[in-house]
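Chemist: This is the structure I have questions about; it appears just below.
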Amino acid sequence: VTRLVLILGDQLSEGLTALKAADRARDVVVMAEVANEAGYVPHHPKKIAFLFSAMRKFAARLRAGGWDVRYGRLDDPDTGDSICAELLRRSEETGATEVLATEPGEWRLIEALKACPVPVTMLPDDRFLCSHAEFEAWAKGRKALRMEYFYREMRRKTGLLMEGHQPAGGQWNFDHDNRKPAPGAVDFSGPMRFEPDTVAREVLDLVRDRFGQNFGDLDDFWFATDGTQARRALAHWVKGGLPKFGDYQDAMLSGERFLWHGVISMYLNAGLLDPLEVCAAVEQAWRDGAAPLNAAEGFIRQVIGWREYVRGIYFLEGPDYVTRNALGNSRDLPWMYWGGETRMRCMQEAVAQTRAEAYAHHIQRLMVTGNFGLLAGIDPQKVHEWYLAVYADAYEWVEAPNTIGMSQFADGGIIASKPYVSSGNYINKMSDYCKGCAYSVSRKTGEGACPFNLLYWHFMDRHRDRFAGNPRMAQMYRTWDRMDPDKRETVLAEAGELLARLDAGEVV
Ligand code: FAD
Ligand code: DLZ
Ligand code: SF4
């Protein structure tokens, strides 16, 4: 009997477990652009255009390989509204009574598949290095789940950058070399750009029509939309971007959207690139002498360390993880996140490039938009929905632990051993934003004082009970306590006024 083989928008890998378990001669592949998935958050139009284009091209490739693929387009009125509705329709159409699927990367969808009237068998997603069972075994009995130790396990497991039992270069981690502020000019042309082909052009028309009102520009769409293109983009970056990736990983420069970053997370997460293939290419560049060890190690740590680790946490912690709010934050997301006016140059830059490209690099996400959200006490759920919507690489398994956990400390410190907060000083050190800002980064109080400076101390003060005992924050509390009491009072009063202006919807 025929079975349905479900392939979701981020499962565009030919080695997918559901495909491997299926029989090309009798089973039917189901793929669909459905309103529910395209609408659970207001996804950036470029994210939708990327996924739908890549889905359509993947379906064509499967057909060419002999699969019977039933593809539901969003503009076809017969297409179901949800993945389950589409499975029901296709089961009636084909007589199939069973579905093979690879486990989705969101609890929401896993639960929807479990509740679907057509029985769904969910197979593990083996496109990751670390299975759920392996992560649980690693986590069991540990007081703290620190990424660094997990990462070493993954190095041993994969043999990447290993020399026998020892890490290459005698050190596991070269992070201290990877914190240079950006130089004046960027000598890498940025990610490889692709002219939209016929498939992408048709999708762009659909997305403009249906999602043109969502936050985000659709013009100038340049993403790779199949595995071959994504592999070319990877090779282009390994040659031109990787050599300086490590040094300037944390740097930010006005008008420079990509610096030396890979800009491949959307390809990895949709399944167009395989993480081990990517890491092997990076390791090879180092072995060939084309990239330094701090660059190769820094990159490989992100992929086999952070990426696997956050996924492990998401599945270990369970469906309620995204609703956590350890600091009890409840402020609304300010309009500036959706492109509303702000006088803060760093926020303008991060949001403007997010709007243009559905991309911002890690430090912009963590130390600009994330930092501001945490300092201002914004509801982490709202912050989470924003990140899930606006980035082309965002799916809950990876976005939520980064936002709820790493960035907003809303999980109470499972991922981050201390909150990622900073005053304007850090942003000034790592970027050129402050030079062009209406605020003054050196002003702690008074007219033109940088909001990050005011809010930083307000944050420290209001969460004193929770953080004063944290040895990694003790120094900052000592600095605060040594400050003149009048000055402390002024800082808190001005920070309070700033928050009130934010609440009133005034431009900050
Ligand atoms: P590079 O800087 O070139 O890094 C290489 C690769 O490492 C990335 O492609 C990515 O696959 C992986 N990686 C790096 N850091 C992380 C990380 N912290 N977690 C998981 N993988 C990582 N990444 C996503 O893929 N999807 C998200 O939805 C997402 N949301 C984030 C939200 C917040 C608040 C923060 C602070 C970070 C988030 N990240 C997310 C992690 C990181 O910012 C992006 O992976 C990275 O910016 C992607 O750009 P790149 O490909 O140029 O990365
Ligand atoms: C993000 C997304 C969007 C925008 N649209 C679809 C879609 O129409 N069909 C589909 O199968 N998947 C889509 N996705 C991805 C899913 O919403 C979901 O985030 C992932 O499958 C979770 O791993
Ligand atoms: Fe951002 Fe403050 Fe610098 Fe302005 S002065 S760019 S608000 S850190």
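Chain labels run A, B, ... following the order of the structure tokens; each chain numbers its residues from 1, and ligands are numbered from 1 in the order shown.
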When DSSP is applied to the backbone of this structure, which of range 128-205 of chain A are assigned strand (DSSP E)? Write them out as an NGL selection string.
Modeler: :A and (162-163 or 166-167)
Chemist: Would you put the residues from that selection into a file with N, CA and C atoms, as an mmCIF file, in the first residue's frame?
Modeler:
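Writing done, so here's part31.cif:
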```
data_model
loop_
_atom_site.group_PDB
_atom_site.id
_atom_site.type_symbol
_atom_site.label_atom_id
_atom_site.label_comp_id
_atom_site.auth_asym_id
_atom_site.auth_seq_id
_atom_site.Cartn_x
_atom_site.Cartn_y
_atom_site.Cartn_z
ATOM 1 N N MET A 162 41.243 17.610 14.952
ATOM 2 C CA MET A 162 41.887 16.794 15.985
ATOM 3 C C MET A 162 43.212 16.258 15.463
ATOM 4 N N GLU A 163 44.161 16.172 16.349
ATOM 5 C CA GLU A 163 45.397 15.479 16.022
ATOM 6 C C GLU A 163 45.532 14.345 17.033
ATOM 7 N N GLN A 166 44.326 14.873 20.674
ATOM 8 C CA GLN A 166 44.530 16.278 21.064
ATOM 9 C C GLN A 166 43.907 17.245 20.059
ATOM 10 N N PRO A 167 43.424 18.385 20.561
ATOM 11 C CA PRO A 167 42.908 19.388 19.624
ATOM 12 C C PRO A 167 44.053 20.001 18.806
#
```
Chemist: Which polymer residues have any atom within 6 Å of an atom of range 35-47 of chain A, counting only C-alpha atoms, with same-chain residues fewer than 3 positions away left out, as a list in words?
Modeler: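 Answer for this query is Phe50, Asp81, Ser82, Asn214, Phe215, Gly216, Leu218, Ala389, Val390 and Ala392 of chain A.
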Chemist: May I have the selected residues written with C-alpha atoms, as an mmCIF file, in the first residue's frame?
Modeler:
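Output file selection.cif is given in full below:
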```
data_model
loop_
_atom_site.group_PDB
_atom_site.id
_atom_site.type_symbol
_atom_site.label_atom_id
_atom_site.label_comp_id
_atom_site.auth_asym_id
_atom_site.auth_seq_id
_atom_site.Cartn_x
_atom_site.Cartn_y
_atom_site.Cartn_z
ATOM 1 C CA PHE A 50 13.622 31.594 -0.142
ATOM 2 C CA ASP A 81 -4.516 25.484 5.297
ATOM 3 C CA SER A 82 -2.264 23.405 7.495
ATOM 4 C CA ASN A 214 5.009 41.961 6.236
ATOM 5 C CA PHE A 215 8.053 43.687 7.694
ATOM 6 C CA GLY A 216 10.978 43.199 5.294
ATOM 7 C CA LEU A 218 11.550 41.644 -1.017
ATOM 8 C CA ALA A 389 9.730 36.269 12.088
ATOM 9 C CA VAL A 390 12.503 38.462 10.759
ATOM 10 C CA ALA A 392 15.700 33.872 7.070
#
```
Chemist: Could you list, as a count of residues only, all the residues within 8 Å of ligand 3, counting only C-alpha atoms and all ligand atoms?
Modeler: 28
Chemist: What does the list of residues within 9 Å of ligand 2 look like if you count only C-alpha atoms and all ligand atoms, written as number ranges by chain?
Modeler: A: 6-11, 31-45, 47-49, 51-52, 55, 72-74, 82-83, 103-110, 269-270, 388-389, 392-397
Chemist: What residues of the protein or nucleic acid chains come within 8 Å of ligand 1 when you use only C-alpha atoms and all ligand atoms? Reply as an MDAnalysis selection string.
Modeler: chainID A and resid 245 249 258 260:266 268:269 275 299:303 306:311 359:367 369:370 384 387:388 391:396 398:404 406:408
Chemist: Mind dumping the selected residues with N, CA and C atoms as a short mmCIF file (atom, residue, chain, number, x, y, z; two decimals), in the first residue's frame?
Modeler:
```
data_model
loop_
_atom_site.label_atom_id
_atom_site.label_comp_id
_atom_site.auth_asym_id
_atom_site.auth_seq_id
_atom_site.Cartn_x
_atom_site.Cartn_y
_atom_site.Cartn_z
N PHE A 245 37.41 35.54 9.09
CA PHE A 245 36.17 35.32 9.86
C PHE A 245 36.44 35.34 11.37
N GLN A 249 34.94 38.28 13.91
CA GLN A 249 33.65 37.64 14.13
C GLN A 249 32.68 38.51 14.94
N PHE A 258 27.53 42.16 6.06
CA PHE A 258 27.98 40.76 6.16
C PHE A 258 29.39 40.58 6.68
N TRP A 260 32.82 39.40 7.31
CA TRP A 260 33.43 38.16 6.82
C TRP A 260 32.57 36.95 7.22
N HIS A 261 31.30 37.17 7.51
CA HIS A 261 30.45 36.05 7.95
C HIS A 261 30.05 35.13 6.79
N GLY A 262 29.73 33.91 7.17
CA GLY A 262 29.40 32.88 6.18
C GLY A 262 28.06 33.12 5.49
N VAL A 263 27.08 33.63 6.23
CA VAL A 263 25.71 33.84 5.73
C VAL A 263 25.20 32.54 5.08
N ILE A 264 25.35 31.48 5.80
CA ILE A 264 24.91 30.17 5.28
C ILE A 264 23.91 29.49 6.20
N SER A 265 23.56 30.17 7.32
CA SER A 265 22.65 29.50 8.27
C SER A 265 21.31 29.17 7.62
N MET A 266 20.83 30.05 6.72
CA MET A 266 19.53 29.72 6.10
C MET A 266 19.65 28.48 5.22
N LEU A 268 21.93 25.95 5.70
CA LEU A 268 22.10 24.81 6.61
C LEU A 268 20.76 24.41 7.21
N ASN A 269 20.02 25.39 7.70
CA ASN A 269 18.79 25.07 8.44
C ASN A 269 17.68 24.55 7.54
N PRO A 275 25.85 20.11 7.69
CA PRO A 275 26.83 20.71 8.61
C PRO A 275 28.23 20.07 8.54
N PHE A 299 34.73 28.95 13.51
CA PHE A 299 33.56 28.60 12.69
C PHE A 299 33.03 27.21 13.07
N ILE A 300 33.94 26.25 13.14
CA ILE A 300 33.50 24.87 13.42
C ILE A 300 32.83 24.80 14.80
N ARG A 301 33.33 25.61 15.75
CA ARG A 301 32.69 25.64 17.07
C ARG A 301 31.24 26.10 16.98
N GLN A 302 30.97 27.09 16.10
CA GLN A 302 29.59 27.56 15.97
C GLN A 302 28.69 26.45 15.44
N VAL A 303 29.23 25.67 14.50
CA VAL A 303 28.37 24.69 13.81
C VAL A 303 28.23 23.39 14.60
N TRP A 306 27.77 25.24 19.09
CA TRP A 306 26.55 26.01 19.40
C TRP A 306 25.30 25.49 18.72
N ARG A 307 25.41 25.21 17.44
CA ARG A 307 24.20 24.84 16.70
C ARG A 307 23.61 23.53 17.23
N GLU A 308 24.46 22.57 17.52
CA GLU A 308 23.98 21.29 18.04
C GLU A 308 23.52 21.44 19.50
N TYR A 309 24.26 22.25 20.23
CA TYR A 309 23.97 22.43 21.65
C TYR A 309 22.60 23.11 21.86
N VAL A 310 22.33 24.17 21.10
CA VAL A 310 21.03 24.84 21.30
C VAL A 310 19.87 23.92 20.91
N ARG A 311 20.09 23.11 19.90
CA ARG A 311 19.04 22.15 19.52
C ARG A 311 18.82 21.14 20.65
N TYR A 359 18.69 39.26 7.55
CA TYR A 359 19.96 38.79 8.11
C TYR A 359 20.57 39.86 9.02
N ALA A 360 21.11 39.42 10.12
CA ALA A 360 22.02 40.23 10.92
C ALA A 360 22.97 39.22 11.54
N HIS A 361 24.19 39.61 11.81
CA HIS A 361 25.08 38.59 12.34
C HIS A 361 24.92 38.47 13.85
N HIS A 362 25.63 37.49 14.41
CA HIS A 362 25.39 37.10 15.79
C HIS A 362 25.49 38.26 16.79
N ILE A 363 26.52 39.07 16.66
CA ILE A 363 26.72 40.13 17.66
C ILE A 363 25.67 41.22 17.53
N GLN A 364 25.21 41.47 16.30
CA GLN A 364 24.09 42.42 16.17
C GLN A 364 22.84 41.87 16.86
N ARG A 365 22.59 40.57 16.68
CA ARG A 365 21.40 39.97 17.30
C ARG A 365 21.54 39.94 18.83
N LEU A 366 22.76 39.61 19.29
CA LEU A 366 22.94 39.41 20.73
C LEU A 366 23.19 40.72 21.48
N MET A 367 24.09 41.55 20.95
CA MET A 367 24.56 42.68 21.73
C MET A 367 23.93 44.02 21.33
N THR A 369 20.18 44.34 19.32
CA THR A 369 18.73 44.18 19.51
C THR A 369 18.39 43.33 20.74
N GLY A 370 19.20 42.28 20.97
CA GLY A 370 18.94 41.42 22.13
C GLY A 370 19.26 42.14 23.43
N HIS A 384 11.05 36.90 21.24
CA HIS A 384 11.15 35.60 20.55
C HIS A 384 10.35 35.63 19.24
N TYR A 387 12.30 37.63 16.55
CA TYR A 387 13.43 36.93 15.93
C TYR A 387 12.94 35.79 15.01
N LEU A 388 11.90 35.12 15.44
CA LEU A 388 11.38 34.00 14.64
C LEU A 388 10.84 34.50 13.30
N TYR A 391 14.22 36.71 10.64
CA TYR A 391 15.46 36.16 10.09
C TYR A 391 15.21 34.96 9.19
N ALA A 392 15.92 34.93 8.07
CA ALA A 392 15.70 33.87 7.07
C ALA A 392 16.10 32.50 7.60
N ASP A 393 16.91 32.48 8.67
CA ASP A 393 17.37 31.20 9.21
C ASP A 393 16.58 30.75 10.43
N ALA A 394 15.44 31.41 10.71
CA ALA A 394 14.79 31.19 12.01
C ALA A 394 13.73 30.08 12.00
N TYR A 395 14.00 29.06 12.77
CA TYR A 395 13.04 28.00 13.12
C TYR A 395 13.17 27.85 14.62
N GLU A 396 12.09 27.41 15.26
CA GLU A 396 12.10 27.49 16.71
C GLU A 396 13.24 26.73 17.39
N VAL A 398 16.23 26.47 16.84
CA VAL A 398 17.49 27.21 16.93
C VAL A 398 17.26 28.64 17.42
N GLU A 399 16.15 29.22 17.02
CA GLU A 399 15.89 30.62 17.40
C GLU A 399 15.55 30.74 18.88
N ALA A 400 14.68 29.83 19.38
CA ALA A 400 14.20 29.99 20.76
C ALA A 400 15.32 29.87 21.80
N PRO A 401 16.16 28.84 21.73
CA PRO A 401 17.24 28.81 22.74
C PRO A 401 18.16 30.02 22.66
N ASN A 402 18.40 30.51 21.44
CA ASN A 402 19.24 31.69 21.31
C ASN A 402 18.56 32.93 21.89
N THR A 403 17.25 33.05 21.70
CA THR A 403 16.56 34.25 22.14
C THR A 403 16.14 34.13 23.61
N ILE A 404 15.30 33.13 23.88
CA ILE A 404 14.78 32.95 25.24
C ILE A 404 15.93 32.68 26.21
N MET A 406 19.90 32.30 25.53
CA MET A 406 21.15 33.07 25.48
C MET A 406 20.91 34.57 25.60
N SER A 407 19.97 35.09 24.84
CA SER A 407 19.86 36.54 24.77
C SER A 407 19.01 37.15 25.88
N GLN A 408 17.88 36.55 26.23
CA GLN A 408 16.97 37.23 27.17
C GLN A 408 17.04 36.66 28.60
#
```
